[in-house]
$ cat structure_2.cif   # mmCIF, C-alpha atoms (C1' of nucleotides)
data_start
loop_
_atom_site.label_atom_id
_atom_site.label_comp_id
_atom_site.auth_asym_id
_atom_site.auth_seq_id
_atom_site.Cartn_x
_atom_site.Cartn_y
_atom_site.Cartn_z
CA MET A 1 0.00 0.00 0.00
CA PRO A 2 2.56 2.62 0.85
CA GLU A 3 3.41 5.13 -1.84
CA GLY A 4 3.43 8.82 -1.01
CA HIS A 5 -0.34 9.23 -1.04
CA THR A 6 -0.69 6.59 1.69
CA LEU A 7 1.71 8.43 3.98
CA ARG A 8 0.01 11.77 3.36
CA ARG A 9 -3.35 10.27 4.33
CA LEU A 10 -1.83 8.63 7.33
CA ALA A 11 -0.33 11.88 8.56
CA ASP A 12 -3.69 13.62 8.13
CA ASP A 13 -5.54 10.81 9.91
CA LEU A 14 -3.11 10.80 12.82
CA THR A 15 -3.35 14.56 13.15
CA ALA A 16 -7.16 14.43 13.08
CA ALA A 17 -7.25 11.68 15.69
CA PHE A 18 -4.52 12.79 18.08
CA ALA A 19 -3.36 16.40 17.59
CA GLY A 20 -3.29 18.20 20.92
CA ALA A 21 -4.09 15.09 22.93
CA THR A 22 -2.05 13.57 25.69
CA VAL A 23 -1.41 10.02 24.53
CA SER A 24 -0.57 6.68 26.01
CA ALA A 25 2.29 5.14 24.04
CA SER A 26 3.32 1.52 24.30
CA SER A 27 5.05 -1.20 22.33
CA PRO A 28 3.05 -4.40 22.82
CA GLN A 29 5.61 -6.23 20.71
CA GLY A 30 8.47 -4.77 22.75
CA ARG A 31 10.85 -3.55 20.07
CA PHE A 32 9.98 0.11 20.68
CA GLY A 33 9.43 -0.23 24.42
CA THR A 34 12.10 2.14 25.72
CA GLU A 35 11.15 4.85 23.27
CA ALA A 36 7.42 4.43 23.86
CA ALA A 37 8.01 4.91 27.59
CA VAL A 38 9.61 8.28 26.85
CA LEU A 39 6.56 9.38 24.86
CA ASP A 40 3.96 7.92 27.19
CA GLY A 41 1.83 10.62 28.81
CA THR A 42 3.12 13.44 26.60
CA ARG A 43 1.21 15.54 24.12
CA LEU A 44 1.09 14.69 20.43
CA LEU A 45 1.31 17.89 18.40
CA ALA A 46 0.77 16.78 14.80
CA ALA A 47 1.89 14.31 12.14
CA ASP A 48 3.43 15.13 8.79
CA ALA A 49 4.58 13.21 5.74
CA ALA A 50 7.31 13.78 3.16
CA GLY A 51 7.75 11.26 0.39
CA LYS A 52 7.28 7.87 2.00
CA HIS A 53 8.43 9.10 5.42
CA LEU A 54 6.09 9.82 8.30
CA PHE A 55 6.91 12.07 11.25
CA VAL A 56 4.81 12.09 14.38
CA GLU A 57 5.63 15.14 16.44
CA PHE A 58 5.38 15.23 20.23
CA GLU A 59 6.19 17.92 22.74
CA HIS A 60 9.75 18.18 24.12
CA ASP A 61 11.22 17.86 20.57
CA HIS A 62 10.37 14.19 20.33
CA VAL A 63 9.65 12.95 16.82
CA VAL A 64 8.77 9.41 15.78
CA HIS A 65 10.25 8.76 12.35
CA VAL A 66 8.37 5.97 10.57
CA HIS A 67 8.97 4.27 7.25
CA LEU A 68 6.48 1.54 6.41
CA GLY A 69 8.63 -0.24 3.85
CA LEU A 70 6.84 -2.70 1.62
CA ILE A 71 4.64 -4.40 4.13
CA GLY A 72 4.20 -2.04 7.04
CA GLY A 73 0.91 -0.55 8.15
CA PHE A 74 -0.30 2.06 10.63
CA ALA A 75 -3.98 1.49 11.39
CA VAL A 76 -5.67 4.60 12.82
CA THR A 77 -9.07 4.40 14.49
CA GLU A 78 -10.86 7.52 15.64
CA GLY A 79 -13.83 7.78 17.96
CA ALA A 80 -14.03 4.15 19.08
CA ALA A 81 -16.15 3.25 22.09
CA GLU A 82 -13.41 0.98 23.39
CA VAL A 83 -9.83 0.00 22.64
CA PRO A 84 -9.40 -3.66 21.72
CA PRO A 85 -6.35 -5.66 22.80
CA PRO A 86 -3.50 -5.49 20.25
CA VAL A 87 -3.43 -8.16 17.54
CA GLY A 88 -0.18 -9.40 15.99
CA GLN A 89 3.18 -7.67 16.17
CA VAL A 90 2.30 -4.15 17.20
CA ARG A 91 5.50 -2.13 17.33
CA LEU A 92 3.84 1.05 18.55
CA ARG A 93 0.39 1.69 19.91
CA LEU A 94 -0.93 5.18 20.56
CA VAL A 95 -4.12 5.70 22.54
CA ALA A 96 -5.90 8.91 23.48
CA ARG A 97 -9.20 9.60 25.15
CA THR A 98 -10.97 12.10 22.93
CA GLY A 99 -14.23 12.50 24.82
CA PRO A 100 -16.63 10.78 27.17
CA GLY A 101 -16.41 7.12 26.20
CA ARG A 102 -14.53 8.06 23.03
CA TRP A 103 -11.07 6.82 22.14
CA SER A 104 -8.61 7.12 19.33
CA TYR A 105 -5.96 4.47 18.86
CA ALA A 106 -3.37 3.63 16.26
CA ASP A 107 -1.29 0.47 15.75
CA LEU A 108 1.98 0.36 13.83
CA ARG A 109 3.04 -3.00 12.38
CA GLY A 110 5.78 -4.28 10.10
CA ALA A 111 7.54 -0.97 9.54
CA THR A 112 11.13 -1.02 8.32
CA ARG A 113 11.78 2.06 10.41
CA CYS A 114 10.40 3.34 13.67
CA ASP A 115 12.87 5.62 15.44
CA LEU A 116 12.60 8.20 18.18
CA VAL A 117 14.46 11.24 16.87
CA THR A 118 14.63 15.03 17.23
CA GLY A 119 13.39 17.80 15.00
CA ALA A 120 16.94 18.33 13.81
CA ARG A 121 17.17 14.73 12.65
CA ARG A 122 13.81 15.04 10.88
CA ASP A 123 15.16 18.04 9.00
CA GLU A 124 18.18 15.99 7.91
CA VAL A 125 15.89 13.33 6.49
CA LEU A 126 13.85 15.98 4.69
CA ALA A 127 17.00 17.49 3.22
CA GLY A 128 17.90 14.13 1.71
CA LEU A 129 14.62 13.84 -0.18
CA GLY A 130 13.78 15.17 -3.61
CA PRO A 131 10.69 17.33 -4.11
CA ASP A 132 7.40 15.64 -3.19
CA PRO A 133 4.58 16.17 -5.72
CA LEU A 134 2.11 16.18 -2.82
CA ARG A 135 3.67 19.16 -1.11
CA PRO A 136 2.56 22.56 -2.37
CA ASP A 137 6.00 24.08 -1.83
CA ALA A 138 7.77 21.40 -3.90
CA ASP A 139 10.16 22.65 -6.55
CA PRO A 140 10.25 20.36 -9.61
CA THR A 141 13.35 22.16 -10.87
CA ARG A 142 15.39 20.32 -8.25
CA ALA A 143 14.26 17.01 -9.73
CA TRP A 144 14.79 18.20 -13.27
CA GLU A 145 18.40 19.13 -12.48
CA ARG A 146 19.03 15.53 -11.49
CA VAL A 147 17.10 13.91 -14.33
CA HIS A 148 18.54 15.87 -17.20
CA ARG A 149 22.11 15.16 -16.10
CA SER A 150 21.60 11.45 -15.72
CA ALA A 151 22.22 8.62 -18.15
CA ARG A 152 20.03 6.33 -16.03
CA PRO A 153 16.64 5.29 -17.40
CA ILE A 154 13.75 7.55 -16.44
CA GLY A 155 12.04 4.45 -15.00
CA GLU A 156 14.85 4.19 -12.46
CA LEU A 157 15.11 7.90 -11.73
CA LEU A 158 11.43 8.11 -10.82
CA MET A 159 12.00 5.52 -8.09
CA GLN A 160 14.95 7.36 -6.54
CA GLN A 161 13.62 9.16 -3.50
CA ASP A 162 16.41 11.73 -3.59
CA VAL A 163 15.23 12.71 -7.09
CA ILE A 164 11.45 12.70 -6.53
CA ALA A 165 10.01 11.72 -3.15
CA GLY A 166 6.91 9.59 -2.80
CA VAL A 167 6.73 7.88 -6.20
CA GLY A 168 6.64 4.08 -6.02
CA ASN A 169 6.27 1.21 -8.45
CA VAL A 170 2.63 1.91 -9.33
CA TYR A 171 2.97 5.63 -10.00
CA ARG A 172 6.20 5.07 -11.92
CA ALA A 173 4.58 2.64 -14.35
CA GLU A 174 1.36 4.59 -14.69
CA VAL A 175 2.77 8.07 -15.18
CA LEU A 176 5.19 6.82 -17.85
CA PHE A 177 2.32 5.13 -19.64
CA ARG A 178 0.09 8.20 -19.46
CA GLN A 179 2.90 10.37 -20.79
CA ARG A 180 3.82 7.76 -23.42
CA ILE A 181 7.44 7.63 -22.38
CA ASP A 182 9.70 4.62 -22.79
CA PRO A 183 10.82 3.67 -19.27
CA PHE A 184 14.28 2.79 -20.60
CA ARG A 185 14.87 6.23 -22.04
CA PRO A 186 17.84 7.97 -20.37
CA GLY A 187 16.89 10.93 -18.20
CA ARG A 188 19.22 13.24 -20.10
CA THR A 189 17.36 12.68 -23.38
CA LEU A 190 14.16 14.17 -21.99
CA ARG A 191 13.32 17.74 -22.72
CA ARG A 192 12.46 19.98 -19.81
CA SER A 193 8.86 20.34 -20.97
CA ARG A 194 8.46 16.55 -21.07
CA PHE A 195 9.80 16.18 -17.57
CA LEU A 196 7.54 18.93 -16.30
CA ALA A 197 4.59 17.13 -17.90
CA ILE A 198 5.53 14.02 -15.88
CA TRP A 199 5.73 16.14 -12.77
CA GLU A 200 2.38 17.84 -13.29
CA ASP A 201 0.74 14.51 -14.00
CA LEU A 202 2.17 13.11 -10.75
CA VAL A 203 0.86 16.12 -8.85
CA GLY A 204 -2.65 15.37 -10.07
CA LEU A 205 -2.49 11.59 -9.80
CA MET A 206 -1.06 11.59 -6.30
CA ALA A 207 -3.54 14.20 -5.09
CA ASP A 208 -6.29 11.91 -6.42
CA GLY A 209 -4.66 9.07 -4.50
CA VAL A 210 -4.84 11.05 -1.27
CA ARG A 211 -8.46 11.95 -1.89
CA LEU A 212 -9.62 8.46 -2.90
CA GLY A 213 -7.27 6.32 -0.79
CA ARG A 214 -6.29 4.27 -3.82
CA ILE A 215 -4.40 4.65 -7.07
CA ASP A 216 -6.65 5.29 -10.06
CA THR A 217 -4.92 6.45 -13.20
CA VAL A 218 -7.22 5.74 -16.15
CA ARG A 219 -8.79 8.65 -17.95
CA PRO A 220 -12.59 8.83 -18.20
CA GLU A 221 -12.61 7.22 -21.67
CA HIS A 222 -10.77 4.17 -20.34
CA THR A 223 -12.82 3.36 -17.28
CA PRO A 224 -14.55 -0.03 -17.17
CA GLU A 225 -17.91 1.67 -17.68
CA ALA A 226 -16.71 3.69 -20.68
CA MET A 227 -15.09 0.66 -22.30
CA GLY A 228 -17.68 -1.91 -21.27
CA ARG A 229 -15.03 -4.10 -19.64
CA PRO A 230 -15.00 -5.73 -16.21
CA ALA A 231 -13.59 -3.74 -13.31
CA ARG A 232 -10.31 -4.79 -11.77
CA GLU A 233 -10.91 -7.25 -9.02
CA ASP A 234 -7.58 -7.79 -7.31
CA ASP A 235 -6.64 -6.30 -3.98
CA HIS A 236 -5.21 -3.09 -5.40
CA GLY A 237 -8.64 -1.82 -6.24
CA GLY A 238 -7.57 1.04 -8.46
CA GLU A 239 -8.06 1.19 -12.21
CA VAL A 240 -4.68 1.34 -13.93
CA TYR A 241 -3.25 1.08 -17.44
CA VAL A 242 -0.25 -1.23 -17.04
CA TYR A 243 0.67 -1.95 -13.42
CA ARG A 244 0.46 -5.72 -12.86
CA ARG A 245 -1.30 -6.14 -16.20
CA SER A 246 1.48 -8.04 -17.99
CA GLY A 247 0.16 -10.24 -20.79
CA GLN A 248 -3.15 -8.38 -20.90
CA PRO A 249 -4.07 -6.08 -23.78
CA CYS A 250 -3.18 -2.40 -23.48
CA LEU A 251 -6.35 -0.41 -22.85
CA VAL A 252 -5.38 2.05 -25.58
CA CYS A 253 -3.85 -0.01 -28.41
CA GLY A 254 -4.45 -3.67 -27.53
CA THR A 255 -0.78 -4.65 -27.57
CA LEU A 256 0.07 -7.02 -24.72
CA VAL A 257 1.51 -5.25 -21.68
CA ARG A 258 5.13 -6.18 -21.00
CA THR A 259 7.06 -6.65 -17.77
CA SER A 260 10.73 -6.76 -16.87
CA PRO A 261 12.70 -6.05 -13.71
CA MET A 262 14.11 -2.55 -13.41
CA ALA A 263 15.93 -1.35 -10.30
CA GLY A 264 14.95 -4.58 -8.54
CA ARG A 265 11.22 -4.09 -9.09
CA ASN A 266 8.83 -5.30 -11.72
CA LEU A 267 8.35 -2.66 -14.37
CA PHE A 268 5.23 -2.74 -16.55
CA TRP A 269 4.80 -0.91 -19.84
CA CYS A 270 3.25 -0.98 -23.30
CA GLY A 271 5.93 -1.42 -25.96
CA GLN A 272 3.69 0.18 -28.57
CA CYS A 273 2.33 3.24 -26.73
CA GLN A 274 5.67 3.91 -25.03
CA ARG A 275 8.03 3.80 -27.97
CA ARG A 276 11.31 5.61 -27.57
CA PHE A 277 11.44 9.27 -28.62
CA ARG A 278 7.78 9.43 -29.15
CA SER A 279 7.12 12.90 -27.83
CA ARG A 280 3.42 13.57 -27.60
CA ALA A 281 1.56 12.79 -24.41
CA VAL A 282 -1.96 11.46 -24.33
CA GLN A 283 -4.12 14.49 -23.69
"C1'" DG B 1 -2.86 -24.59 6.20
"C1'" DC B 2 1.07 -23.38 2.97
"C1'" DG B 3 3.78 -20.95 -0.22
"C1'" DC B 4 4.20 -17.08 -2.93
"C1'" DC B 5 4.19 -12.41 -3.94
"C1'" DA B 6 3.58 -7.36 -3.10
"C1'" DT B 7 2.64 -0.04 -3.79
"C1'" DG B 8 10.18 -0.41 -0.05
"C1'" DT B 9 14.67 0.12 1.63
"C1'" DA B 10 19.04 -1.12 4.02
"C1'" DT B 11 22.93 -3.85 4.12
"C1'" DA B 12 26.17 -7.57 2.92
"C1'" DG B 13 29.03 -9.60 -0.59
"C1'" DT C 1 22.67 -8.83 -7.09
"C1'" DA C 2 20.92 -11.22 -3.14
"C1'" DT C 3 18.67 -11.23 1.06
"C1'" DA C 4 16.65 -9.56 5.36
"C1'" DC C 5 12.91 -7.22 7.20
"C1'" DC C 6 8.07 -9.49 8.60
"C1'" DT C 7 2.38 -8.40 7.09
"C1'" DG C 8 -1.50 -9.72 4.36
"C1'" DG C 9 -3.97 -11.32 0.37
"C1'" DC C 10 -4.32 -14.70 -2.90
"C1'" DG C 11 -4.22 -19.31 -5.20
"C1'" DC C 12 -4.03 -23.84 -4.28
"C1'" DA C 13 -4.26 -28.05 -1.81
#

$ encode --input "structure_2.cif" --output "structure tokens"
Amino acid sequence: MPEGHTLRRLADDLTAAFAGATVSASSPQGRFGTEAAVLDGTRLLAADAAGKHLFVEFEHDHVVHVHLGLIGGFAVTEGAAEVPPPVGQVRLRLVARTGPGRWSYADLRGATRCDLVTGARRDEVLAGLGPDPLRPDADPTRAWERVHRSARPIGELLMQQDVIAGVGNVYRAEVLFRQRIDPFRPGRTLRRSRFLAIWEDLVGLMADGVRLGRIDTVRPEHTPEAMGRPAREDDHGGEVYVYRRSGQPCLVCGTLVRTSPMAGRNLFWCGQCQRRFRSRAVQ
DNA sequence: GCGCCATGTATAG
DNA sequence: TATACCTGGCGCA
């Protein structure tokens, strides 16, 4: 689940559920026990996200730095009548009483990173990230400077968090399809306007992801209803052009979608729609 | 119930 | 490049 939109939602949900509240913090699993004890009984100020990183801010300059990795999850429940016992390996549990008989609680599981840090350390992490299409102050020029100097394929560059923060394997495949760009094309062969088109598309797609809580990338003319085709039924939910559709016909041209590993992950693309040096995007 | 794979990253070799 | 991390959904007995 976790690409940038997931972390943005999570930060918003945590802020809505806990901001300003004095929280109980614990580590039922034990691996975050010492740190949880430090936070226990202090006030949670807010949560924020940058790229795929989550920062939960407490008073006294305590910040919990979370990275969910591939399989992590942070389940936030607001306004529950009671708090159930933890299930599974809960690294961090936050609980706050939000009203008479009303509780918020959140359980963190499976994260690759859960560290108690300071605001200064958070700023270091932020400084190491490229611009995040979900943040209004993001400067795509910083990403462009990296891309247009690089001989690496654009499909790899989009996954590098120090180039663009928050893009994962789904958004990489989908934005390159929508912009009709060959994933193997070296970054330095892209014109600035083409890169900025990728960026603007990511801004819209990822904002949709935050709003909907899933990744939908097909244009209105390619929805199941518009095309009279069955909706996607796997666990990803969202309607997409190429991600995990290898061997199925391209929704635009009918050519079979291809797959091949790139940067250690499965890349998906249409060899017909995404021919090299083809320069016009789908409008 | 079991094995596999997955929207990610760090680290070892 | 391989593997560790360690959860959850799916296909398949």

$ resolve_selection --input "structure_2.cif" --expression "the PyMOL selection byres ((chain C and resi 9-11) around 10)" --output "JSON, numbers by chain"
{"A": [234, 235], "B": [3, 4, 5, 6], "C": [7, 8, 12, 13]}

$ write_last_selection --input "structure_2.cif" --atoms "C-alpha atoms (C1' of nucleotides)" --output "compact mmCIF listing (two decimals), in the coordinates of the input"
# COMPACT_ATOMS: atom_id res chain seq x y z
CA ASP A 234 -7.58 -7.79 -7.31
CA ASP A 235 -6.64 -6.30 -3.98
C1' DG B 3 3.78 -20.95 -0.22
C1' DC B 4 4.20 -17.08 -2.93
C1' DC B 5 4.19 -12.41 -3.94
C1' DA B 6 3.58 -7.36 -3.10
C1' DT C 7 2.38 -8.40 7.09
C1' DG C 8 -1.50 -9.72 4.36
C1' DC C 12 -4.03 -23.84 -4.28
C1' DA C 13 -4.26 -28.05 -1.81

$ resolve_selection --input "structure_2.cif" --expression "the PyMOL selection byres ((chain A and resi 107) around 8)" --output "ChimeraX atom specification"
/A:73-76,86,90-94,105-106,108-109

$ write_last_selection --input "structure_2.cif" --atoms "C-alpha atoms" --output "JSON list (two decimals), in the coordinates of the input"
[["chain", "number", "residue", "atom", "x", "y", "z"],
["A", 73, "GLY", "CA", 0.91, -0.55, 8.15],
["A", 74, "PHE", "CA", -0.30, 2.06, 10.63],
["A", 75, "ALA", "CA", -3.98, 1.49, 11.39],
["A", 76, "VAL", "CA", -5.67, 4.60, 12.82],
["A", 86, "PRO", "CA", -3.50, -5.49, 20.25],
["A", 90, "VAL", "CA", 2.30, -4.15, 17.20],
["A", 91, "ARG", "CA", 5.50, -2.13, 17.33],
["A", 92, "LEU", "CA", 3.84, 1.05, 18.55],
["A", 93, "ARG", "CA", 0.39, 1.69, 19.91],
["A", 94, "LEU", "CA", -0.93, 5.18, 20.56],
["A", 105, "TYR", "CA", -5.96, 4.47, 18.86],
["A", 106, "ALA", "CA", -3.37, 3.63, 16.26],
["A", 108, "LEU", "CA", 1.98, 0.36, 13.83],
["A", 109, "ARG", "CA", 3.04, -3.00, 12.38]]

$ resolve_selection --input "structure_2.cif" --expression "the PyMOL selection byres ((chain A) within 7 of (chain C))" --output "ChimeraX atom specification"
/A:71-72,110,112

$ closest_atom_pairs --input "structure_2.cif" --of "chain B" --to "chain A" --cutoff "7 Å" --atoms "all atoms listed in the file" --output "CSV"
residue,atom,partner,partner_atom,distance
B:DT7,C1',A:Met1,CA,4.6
B:DG8,C1',A:Gly69,CA,4.2
B:DT9,C1',A:Gly69,CA,6.4

$ residues_around --input "structure_2.cif" --residues "stretch 141-152 of chain A" --least-positions-apart "4" --cutoff "10 Å" --atoms "only C-alpha atoms (C1' of nucleotides)" --output "PyMOL selection string"
chain A and resi 130-132+156-158+162-165+184-193+195-196+199

$ write_last_selection --input "structure_2.cif" --atoms "C-alpha atoms" --output "compact mmCIF listing (two decimals), keeping the file's coordinate frame"
# COMPACT_ATOMS: atom_id res chain seq x y z
CA GLY A 130 13.78 15.17 -3.61
CA PRO A 131 10.69 17.33 -4.11
CA ASP A 132 7.40 15.64 -3.19
CA GLU A 156 14.85 4.19 -12.46
CA LEU A 157 15.11 7.90 -11.73
CA LEU A 158 11.43 8.11 -10.82
CA ASP A 162 16.41 11.73 -3.59
CA VAL A 163 15.23 12.71 -7.09
CA ILE A 164 11.45 12.70 -6.53
CA ALA A 165 10.01 11.72 -3.15
CA PHE A 184 14.28 2.79 -20.60
CA ARG A 185 14.87 6.23 -22.04
CA PRO A 186 17.84 7.97 -20.37
CA GLY A 187 16.89 10.93 -18.20
CA ARG A 188 19.22 13.24 -20.10
CA THR A 189 17.36 12.68 -23.38
CA LEU A 190 14.16 14.17 -21.99
CA ARG A 191 13.32 17.74 -22.72
CA ARG A 192 12.46 19.98 -19.81
CA SER A 193 8.86 20.34 -20.97
CA PHE A 195 9.80 16.18 -17.57
CA LEU A 196 7.54 18.93 -16.30
CA TRP A 199 5.73 16.14 -12.77

$ atom_distance --input "structure_2.cif" --atom1 "atom CA of A:Pro133" --atom2 "atom CA of A:Leu212"
16.4 Å

$ atom_distance --input "structure_2.cif" --atom1 "atom CA of A:Val117" --atom2 "atom CA of A:Val66"
10.2 Å

$ atom_distance --input "structure_2.cif" --atom1 "atom CA of A:Arg135" --atom2 "atom CA of A:Leu202"
11.5 Å

$ residues_around --input "structure_2.cif" --residues "A:His5" --least-positions-apart "5" --cutoff "9 Å" --atoms "only C-alpha atoms (C1' of nucleotides)" --output "number ranges by chain"
A: 10, 51-52, 134, 166-167, 206-211, 213-215

$ decode --input "structure_2.cif" --residues "chain C" --atoms "C-alpha atoms (C1' of nucleotides)" --output "PDB file, in the first residue's frame"
ATOM      1  C1'  DT C   1      22.671  -8.835  -7.085  1.00  0.00           C
ATOM      2  C1'  DA C   2      20.920 -11.217  -3.138  1.00  0.00           C
ATOM      3  C1'  DT C   3      18.673 -11.225   1.055  1.00  0.00           C
ATOM      4  C1'  DA C   4      16.649  -9.556   5.359  1.00  0.00           C
ATOM      5  C1'  DC C   5      12.908  -7.223   7.198  1.00  0.00           C
ATOM      6  C1'  DC C   6       8.069  -9.487   8.601  1.00  0.00           C
ATOM      7  C1'  DT C   7       2.381  -8.404   7.090  1.00  0.00           C
ATOM      8  C1'  DG C   8      -1.499  -9.717   4.363  1.00  0.00           C
ATOM      9  C1'  DG C   9      -3.969 -11.323   0.374  1.00  0.00           C
ATOM     10  C1'  DC C  10      -4.325 -14.695  -2.902  1.00  0.00           C
ATOM     11  C1'  DG C  11      -4.219 -19.312  -5.198  1.00  0.00           C
ATOM     12  C1'  DC C  12      -4.025 -23.837  -4.282  1.00  0.00           C
ATOM     13  C1'  DA C  13      -4.263 -28.052  -1.807  1.00  0.00           C
TER      14       DA C  13
END
